>>> print(open('target_17.txt').read())   # compact mmCIF, N, CA and C atoms
# COMPACT_ATOMS: atom_id res chain seq x y z
N MET A 929 -59.58 -22.77 78.85
CA MET A 929 -58.75 -22.54 77.69
C MET A 929 -57.58 -23.53 77.70
N ASN A 930 -57.28 -24.10 76.55
CA ASN A 930 -56.21 -25.09 76.50
C ASN A 930 -54.94 -24.50 75.90
N GLN A 931 -53.87 -25.29 75.95
CA GLN A 931 -52.57 -24.81 75.47
C GLN A 931 -52.55 -24.58 73.96
N PHE A 932 -53.51 -25.12 73.22
CA PHE A 932 -53.53 -24.99 71.77
C PHE A 932 -54.31 -23.78 71.29
N SER A 933 -55.15 -23.20 72.15
CA SER A 933 -56.08 -22.16 71.70
C SER A 933 -55.39 -20.90 71.20
N ASN A 934 -54.20 -20.60 71.67
CA ASN A 934 -53.51 -19.38 71.24
C ASN A 934 -52.55 -19.61 70.09
N LEU A 935 -52.42 -20.85 69.63
CA LEU A 935 -51.48 -21.15 68.55
C LEU A 935 -52.09 -20.84 67.19
N GLN A 936 -51.28 -20.30 66.31
CA GLN A 936 -51.67 -20.08 64.92
C GLN A 936 -51.55 -21.41 64.17
N LYS A 937 -52.19 -21.51 63.02
CA LYS A 937 -52.19 -22.76 62.25
C LYS A 937 -50.77 -23.25 61.93
N GLU A 938 -49.87 -22.35 61.59
CA GLU A 938 -48.50 -22.76 61.27
C GLU A 938 -47.78 -23.28 62.51
N GLN A 939 -48.10 -22.73 63.67
CA GLN A 939 -47.50 -23.21 64.91
C GLN A 939 -48.03 -24.61 65.23
N ILE A 940 -49.32 -24.81 65.02
CA ILE A 940 -49.92 -26.13 65.24
C ILE A 940 -49.29 -27.14 64.31
N ARG A 941 -49.16 -26.75 63.07
CA ARG A 941 -48.53 -27.64 62.08
C ARG A 941 -47.11 -27.99 62.51
N ALA A 942 -46.36 -27.01 62.96
CA ALA A 942 -44.97 -27.24 63.37
C ALA A 942 -44.87 -28.21 64.55
N VAL A 943 -45.84 -28.17 65.44
CA VAL A 943 -45.86 -29.10 66.57
C VAL A 943 -46.30 -30.49 66.13
N ALA A 944 -47.34 -30.56 65.31
CA ALA A 944 -47.96 -31.84 64.96
C ALA A 944 -47.23 -32.61 63.86
N GLU A 945 -46.59 -31.91 62.96
CA GLU A 945 -45.98 -32.59 61.80
C GLU A 945 -44.93 -33.64 62.18
N PRO A 946 -43.99 -33.36 63.10
CA PRO A 946 -43.03 -34.41 63.46
C PRO A 946 -43.69 -35.61 64.15
N ILE A 947 -44.74 -35.35 64.90
CA ILE A 947 -45.47 -36.44 65.55
C ILE A 947 -46.12 -37.32 64.50
N TRP A 948 -46.80 -36.68 63.53
CA TRP A 948 -47.49 -37.42 62.48
C TRP A 948 -46.48 -38.18 61.60
N LYS A 949 -45.38 -37.53 61.29
CA LYS A 949 -44.34 -38.18 60.48
C LYS A 949 -43.83 -39.44 61.17
N ASN A 950 -43.61 -39.37 62.46
CA ASN A 950 -43.17 -40.54 63.21
C ASN A 950 -44.20 -41.67 63.14
N ILE A 951 -45.47 -41.32 63.30
CA ILE A 951 -46.53 -42.33 63.26
C ILE A 951 -46.57 -43.01 61.90
N ILE A 952 -46.49 -42.22 60.83
CA ILE A 952 -46.55 -42.77 59.47
C ILE A 952 -45.35 -43.67 59.20
N GLU A 953 -44.15 -43.20 59.54
CA GLU A 953 -42.95 -44.01 59.31
C GLU A 953 -42.98 -45.30 60.13
N ALA A 954 -43.39 -45.20 61.38
CA ALA A 954 -43.45 -46.38 62.24
C ALA A 954 -44.48 -47.38 61.74
N ALA A 955 -45.60 -46.89 61.23
CA ALA A 955 -46.62 -47.79 60.68
C ALA A 955 -46.08 -48.50 59.44
N ARG A 956 -45.39 -47.78 58.58
CA ARG A 956 -44.80 -48.39 57.38
C ARG A 956 -43.78 -49.47 57.76
N GLU A 957 -43.05 -49.23 58.86
CA GLU A 957 -42.04 -50.18 59.32
C GLU A 957 -42.61 -51.24 60.27
N ARG A 958 -43.89 -51.08 60.61
CA ARG A 958 -44.57 -51.98 61.55
C ARG A 958 -43.86 -52.03 62.91
N ASP A 959 -43.45 -50.88 63.34
CA ASP A 959 -42.71 -50.73 64.59
C ASP A 959 -43.64 -50.17 65.66
N TYR A 960 -44.23 -51.05 66.45
CA TYR A 960 -45.23 -50.64 67.43
C TYR A 960 -44.65 -49.71 68.50
N ALA A 961 -43.45 -50.00 68.99
CA ALA A 961 -42.86 -49.17 70.05
C ALA A 961 -42.73 -47.73 69.57
N ARG A 962 -42.28 -47.56 68.36
CA ARG A 962 -42.14 -46.21 67.80
C ARG A 962 -43.50 -45.62 67.46
N PHE A 963 -44.38 -46.43 66.88
CA PHE A 963 -45.72 -45.99 66.50
C PHE A 963 -46.49 -45.44 67.70
N SER A 964 -46.38 -46.09 68.82
CA SER A 964 -47.18 -45.73 70.00
C SER A 964 -46.50 -44.71 70.90
N ARG A 965 -45.34 -44.21 70.51
CA ARG A 965 -44.63 -43.20 71.30
C ARG A 965 -45.52 -41.97 71.46
N GLY A 966 -45.71 -41.56 72.69
CA GLY A 966 -46.52 -40.37 72.96
C GLY A 966 -48.00 -40.64 73.15
N PHE A 967 -48.42 -41.91 73.03
CA PHE A 967 -49.83 -42.24 73.23
C PHE A 967 -50.21 -42.07 74.70
N SER A 968 -51.44 -41.63 74.92
CA SER A 968 -51.98 -41.56 76.28
C SER A 968 -52.16 -42.99 76.80
N ASN A 969 -52.28 -43.14 78.09
CA ASN A 969 -52.51 -44.47 78.68
C ASN A 969 -53.80 -45.09 78.15
N ASP A 970 -54.83 -44.27 77.97
CA ASP A 970 -56.10 -44.79 77.45
C ASP A 970 -55.93 -45.31 76.03
N LEU A 971 -55.20 -44.59 75.19
CA LEU A 971 -54.99 -45.04 73.82
C LEU A 971 -54.11 -46.29 73.78
N LEU A 972 -53.11 -46.35 74.64
CA LEU A 972 -52.28 -47.56 74.72
C LEU A 972 -53.11 -48.78 75.11
N ALA A 973 -54.06 -48.58 76.01
CA ALA A 973 -54.93 -49.68 76.44
C ALA A 973 -55.83 -50.15 75.30
N LYS A 974 -56.26 -49.22 74.44
CA LYS A 974 -57.15 -49.56 73.32
C LYS A 974 -56.39 -50.14 72.14
N LEU A 975 -55.15 -49.70 71.94
CA LEU A 975 -54.39 -50.11 70.78
C LEU A 975 -53.13 -50.85 71.23
N SER A 976 -53.31 -52.09 71.58
CA SER A 976 -52.19 -52.93 72.01
C SER A 976 -51.31 -53.27 70.82
N GLU A 977 -50.15 -53.83 71.10
CA GLU A 977 -49.26 -54.26 70.03
C GLU A 977 -49.92 -55.32 69.17
N GLU A 978 -50.64 -56.23 69.79
CA GLU A 978 -51.34 -57.28 69.03
C GLU A 978 -52.37 -56.67 68.08
N HIS A 979 -53.14 -55.71 68.58
CA HIS A 979 -54.15 -55.04 67.75
C HIS A 979 -53.47 -54.29 66.60
N PHE A 980 -52.35 -53.64 66.89
CA PHE A 980 -51.60 -52.92 65.86
C PHE A 980 -51.15 -53.89 64.76
N ARG A 981 -50.59 -55.01 65.14
CA ARG A 981 -50.12 -56.00 64.16
C ARG A 981 -51.28 -56.55 63.32
N GLU A 982 -52.41 -56.81 63.95
CA GLU A 982 -53.60 -57.28 63.22
C GLU A 982 -54.08 -56.20 62.25
N SER A 983 -54.06 -54.95 62.69
CA SER A 983 -54.50 -53.85 61.83
C SER A 983 -53.59 -53.71 60.61
N CYS A 984 -52.30 -53.92 60.80
CA CYS A 984 -51.35 -53.85 59.68
C CYS A 984 -51.67 -54.92 58.64
N GLU A 985 -52.09 -56.08 59.09
CA GLU A 985 -52.44 -57.17 58.17
C GLU A 985 -53.81 -56.96 57.53
N ASP A 986 -54.80 -56.56 58.34
CA ASP A 986 -56.18 -56.45 57.88
C ASP A 986 -56.48 -55.14 57.14
N PHE A 987 -55.67 -54.14 57.36
CA PHE A 987 -55.90 -52.81 56.82
C PHE A 987 -54.59 -52.30 56.21
N PRO A 988 -54.21 -52.85 55.03
CA PRO A 988 -52.90 -52.53 54.44
C PRO A 988 -52.66 -51.05 54.16
N LEU A 989 -53.71 -50.25 54.10
CA LEU A 989 -53.50 -48.82 53.90
C LEU A 989 -52.56 -48.27 54.97
N LEU A 990 -52.69 -48.77 56.17
CA LEU A 990 -51.89 -48.30 57.30
C LEU A 990 -50.39 -48.37 57.01
N THR A 991 -49.97 -49.42 56.33
CA THR A 991 -48.54 -49.62 56.08
C THR A 991 -48.08 -49.13 54.72
N THR A 992 -49.00 -48.55 53.95
CA THR A 992 -48.63 -48.08 52.60
C THR A 992 -48.83 -46.58 52.42
N ILE A 993 -48.98 -45.86 53.50
CA ILE A 993 -49.14 -44.41 53.42
C ILE A 993 -47.81 -43.81 52.97
N GLU A 994 -47.89 -42.95 51.98
CA GLU A 994 -46.69 -42.29 51.47
C GLU A 994 -46.14 -41.32 52.52
N PRO A 995 -44.83 -41.15 52.56
CA PRO A 995 -44.23 -40.28 53.58
C PRO A 995 -44.52 -38.79 53.40
N ASP A 996 -44.95 -38.38 52.22
CA ASP A 996 -45.30 -36.97 52.05
C ASP A 996 -46.81 -36.82 52.23
N PHE A 997 -47.17 -35.94 53.12
CA PHE A 997 -48.57 -35.70 53.46
C PHE A 997 -48.78 -34.21 53.55
N GLU A 998 -50.05 -33.80 53.57
CA GLU A 998 -50.36 -32.38 53.55
C GLU A 998 -51.24 -32.00 54.75
N PHE A 999 -50.85 -30.97 55.45
CA PHE A 999 -51.66 -30.41 56.53
C PHE A 999 -52.90 -29.78 55.91
N ILE A 1000 -54.07 -30.14 56.41
CA ILE A 1000 -55.31 -29.56 55.91
C ILE A 1000 -55.79 -28.45 56.84
N ASP A 1001 -56.00 -28.81 58.10
CA ASP A 1001 -56.54 -27.85 59.07
C ASP A 1001 -56.50 -28.46 60.46
N SER A 1002 -56.98 -27.70 61.44
CA SER A 1002 -57.08 -28.20 62.80
C SER A 1002 -58.46 -27.85 63.36
N ILE A 1003 -58.92 -28.71 64.23
CA ILE A 1003 -60.22 -28.52 64.87
C ILE A 1003 -59.98 -28.45 66.37
N HIS A 1004 -60.39 -27.34 66.99
CA HIS A 1004 -60.13 -27.11 68.40
C HIS A 1004 -61.34 -27.51 69.24
N ARG A 1005 -61.06 -28.12 70.37
CA ARG A 1005 -62.08 -28.43 71.37
C ARG A 1005 -61.64 -27.84 72.70
N GLU A 1006 -62.43 -28.06 73.71
CA GLU A 1006 -62.13 -27.47 75.01
C GLU A 1006 -60.75 -27.88 75.53
N SER A 1007 -60.41 -29.15 75.42
CA SER A 1007 -59.14 -29.60 75.99
C SER A 1007 -58.26 -30.37 75.01
N SER A 1008 -58.60 -30.33 73.72
CA SER A 1008 -57.80 -31.06 72.74
C SER A 1008 -57.87 -30.37 71.38
N ILE A 1009 -57.05 -30.89 70.48
CA ILE A 1009 -57.04 -30.39 69.11
C ILE A 1009 -56.87 -31.59 68.18
N THR A 1010 -57.61 -31.60 67.09
CA THR A 1010 -57.47 -32.63 66.07
C THR A 1010 -56.88 -31.99 64.83
N ILE A 1011 -55.84 -32.60 64.32
CA ILE A 1011 -55.16 -32.11 63.13
C ILE A 1011 -55.52 -33.05 61.98
N LEU A 1012 -55.89 -32.47 60.85
CA LEU A 1012 -56.31 -33.22 59.68
C LEU A 1012 -55.20 -33.20 58.63
N TRP A 1013 -54.95 -34.38 58.03
CA TRP A 1013 -53.90 -34.52 57.02
C TRP A 1013 -54.45 -35.16 55.76
N ARG A 1014 -53.99 -34.72 54.61
CA ARG A 1014 -54.31 -35.35 53.32
C ARG A 1014 -53.19 -36.34 53.05
N LEU A 1015 -53.57 -37.58 52.76
CA LEU A 1015 -52.60 -38.67 52.59
C LEU A 1015 -52.77 -39.33 51.23
N SER A 1016 -51.72 -40.02 50.80
CA SER A 1016 -51.80 -40.89 49.64
C SER A 1016 -51.13 -42.21 50.00
N SER A 1017 -51.36 -43.20 49.18
CA SER A 1017 -50.87 -44.55 49.44
C SER A 1017 -50.06 -45.04 48.25
N SER A 1018 -49.06 -45.84 48.53
CA SER A 1018 -48.29 -46.45 47.46
C SER A 1018 -49.03 -47.64 46.85
N ARG A 1019 -50.11 -48.05 47.48
CA ARG A 1019 -50.86 -49.23 47.01
C ARG A 1019 -52.24 -48.88 46.45
N TYR A 1020 -52.87 -47.87 47.03
CA TYR A 1020 -54.24 -47.52 46.67
C TYR A 1020 -54.29 -46.14 46.04
N GLN A 1021 -55.11 -45.99 45.02
CA GLN A 1021 -55.25 -44.69 44.37
C GLN A 1021 -56.22 -43.82 45.16
N GLY A 1022 -56.08 -42.53 44.97
CA GLY A 1022 -56.98 -41.58 45.61
C GLY A 1022 -56.34 -40.94 46.83
N GLU A 1023 -57.14 -40.15 47.52
CA GLU A 1023 -56.69 -39.44 48.70
C GLU A 1023 -57.35 -40.03 49.94
N PHE A 1024 -56.64 -39.92 51.05
CA PHE A 1024 -57.12 -40.45 52.31
C PHE A 1024 -56.97 -39.36 53.37
N LEU A 1025 -57.70 -39.53 54.47
CA LEU A 1025 -57.70 -38.55 55.54
C LEU A 1025 -57.03 -39.14 56.77
N GLY A 1026 -56.08 -38.41 57.31
CA GLY A 1026 -55.45 -38.79 58.57
C GLY A 1026 -55.90 -37.83 59.65
N LEU A 1027 -56.12 -38.37 60.85
CA LEU A 1027 -56.52 -37.54 61.99
C LEU A 1027 -55.60 -37.84 63.16
N LEU A 1028 -55.14 -36.79 63.80
CA LEU A 1028 -54.28 -36.88 64.97
C LEU A 1028 -54.87 -35.96 66.03
N THR A 1029 -55.22 -36.52 67.19
CA THR A 1029 -55.79 -35.70 68.26
C THR A 1029 -54.82 -35.65 69.43
N LEU A 1030 -54.52 -34.43 69.85
CA LEU A 1030 -53.58 -34.18 70.94
C LEU A 1030 -54.29 -33.47 72.08
N GLN A 1031 -53.82 -33.75 73.30
CA GLN A 1031 -54.30 -33.03 74.46
C GLN A 1031 -53.18 -32.91 75.48
N SER A 1032 -53.36 -32.00 76.41
CA SER A 1032 -52.40 -31.88 77.50
C SER A 1032 -52.66 -32.99 78.50
N GLY A 1033 -51.59 -33.68 78.88
CA GLY A 1033 -51.73 -34.77 79.83
C GLY A 1033 -50.82 -34.56 81.02
N ASP A 1034 -50.77 -35.55 81.89
CA ASP A 1034 -49.94 -35.46 83.08
C ASP A 1034 -48.46 -35.31 82.75
N ASN A 1035 -48.04 -35.90 81.64
CA ASN A 1035 -46.63 -35.85 81.24
C ASN A 1035 -46.41 -34.94 80.04
N GLY A 1036 -47.22 -33.91 79.90
CA GLY A 1036 -47.11 -33.01 78.76
C GLY A 1036 -48.13 -33.35 77.70
N MET A 1037 -47.82 -33.04 76.46
CA MET A 1037 -48.74 -33.31 75.36
C MET A 1037 -48.77 -34.80 75.08
N GLU A 1038 -49.98 -35.33 74.86
CA GLU A 1038 -50.11 -36.75 74.54
C GLU A 1038 -51.12 -36.96 73.42
N ILE A 1039 -50.94 -38.07 72.73
CA ILE A 1039 -51.82 -38.45 71.61
C ILE A 1039 -52.99 -39.23 72.19
N ILE A 1040 -54.20 -38.76 71.91
CA ILE A 1040 -55.37 -39.47 72.43
C ILE A 1040 -56.15 -40.18 71.32
N ALA A 1041 -55.84 -39.86 70.06
CA ALA A 1041 -56.50 -40.56 68.96
C ALA A 1041 -55.66 -40.39 67.70
N VAL A 1042 -55.68 -41.45 66.88
CA VAL A 1042 -55.01 -41.43 65.59
C VAL A 1042 -55.79 -42.35 64.67
N SER A 1043 -56.04 -41.88 63.45
CA SER A 1043 -56.76 -42.74 62.50
C SER A 1043 -56.44 -42.35 61.08
N VAL A 1044 -56.66 -43.30 60.19
CA VAL A 1044 -56.49 -43.10 58.75
C VAL A 1044 -57.74 -43.65 58.09
N ASN A 1045 -58.37 -42.83 57.26
CA ASN A 1045 -59.60 -43.23 56.58
C ASN A 1045 -59.49 -42.96 55.09
>>> encode(input="target_17.txt", output="structure tokens")
Amino acid sequence: MNQFSNLQKEQIRAVAEPIWKNIIEAARERDYARFSRGFSNDLLAKLSEEHFRESCEDFPLLTTIEPDFEFIDSIHRESSITILWRLSSSRYQGEFLGLLTLQSGDNGMEIIAVSVN
């Protein structure tokens, strides 16, 4: 059983929302140090600052996500939880999906995956 299994949806939202807000704001500002705050070592190894900067150029959605987003739901696994967000963009019409996956790590809660589709 993991630390997230006993949390209600509103409690999960309360924990995840400030983390997601930081990621969105940092992406808009192209601030890698802030963007990667709380990342697991594995995620830091996969998403270097160079890769982040290239993604900002090649995938402009990342830097145009509107600051207001909507919590959709959470998906629980044995040792992690993925939180789903409804997003919009200042550049692209329509809705987009944000995913944030958290797990307990050696230094507390850490981000093991983040994506925008």
>>> residues_around(input="target_17.txt", residues="segment 956-960 of chain A", least_positions_apart="3", cutoff="7 Å", atoms="only N, CA and C atoms", output="PyMOL selection string")
chain A and resi 951-953+963-965+977+980+990-993
>>> residues_around(input="target_17.txt", residues="segment 1014-1023 of chain A", least_positions_apart="4", cutoff="9 Å", atoms="only C-alpha atoms", output="ChimeraX atom specification")
/A:988-1000,1044
>>> residues_around(input="target_17.txt", residues="Thr1010 of chain A", least_positions_apart="2", cutoff="7 Å", atoms="all atoms listed in the file", output="list in words")
Asp1001, Ser1002, Ile1003, His1004, Arg1005, Ser1008, Leu1012, Leu1027, Leu1028, Thr1029 and Leu1030 of chain A
>>> select_by_dssp(input="target_17.txt", residues="chain A", states="strand (DSSP E or B)", output="JSON, numbers by chain")
{"A": [967, 993, 998, 999, 1000, 1001, 1002, 1003, 1004, 1008, 1009, 1010, 1011, 1012, 1013, 1014, 1015, 1017, 1024, 1025, 1026, 1027, 1028, 1029, 1030, 1031, 1032, 1033, 1036, 1037, 1038, 1039, 1040, 1041, 1042, 1043, 1044]}
>>> residues_near_point(input="target_17.txt", point="(-44.9, -38.4, 69.5)", cutoff="7 Å", atoms="only N, CA and C atoms", output="PyMOL selection string")
chain A and resi 946-948+950-951+964-967+1039
>>> atom_distance(input="target_17.txt", atom1="atom N of Glu1006 of chain A", atom2="atom C of Met1037 of chain A")
15.3 Å
>>> atom_distance(input="target_17.txt", atom1="atom CA of Cys984 of chain A", atom2="atom C of Ser1007 of chain A")
28.9 Å
>>> closest_residue(input="target_17.txt", among="A:Ala961, A:Ser968, A:Glu978, A:Phe987", to="Ala1041 of chain A", atoms="all atoms listed in the file")
A:Ser968
>>> select_by_dssp(input="target_17.txt", residues="segment 933-976 of chain A", states="helix (DSSP H, G or I)", output="JSON, numbers by chain")
{"A": [937, 938, 939, 940, 941, 942, 943, 944, 945, 946, 947, 948, 949, 950, 951, 952, 953, 954, 955, 956, 957, 960, 961, 962, 963, 969, 970, 971, 972, 973, 974]}
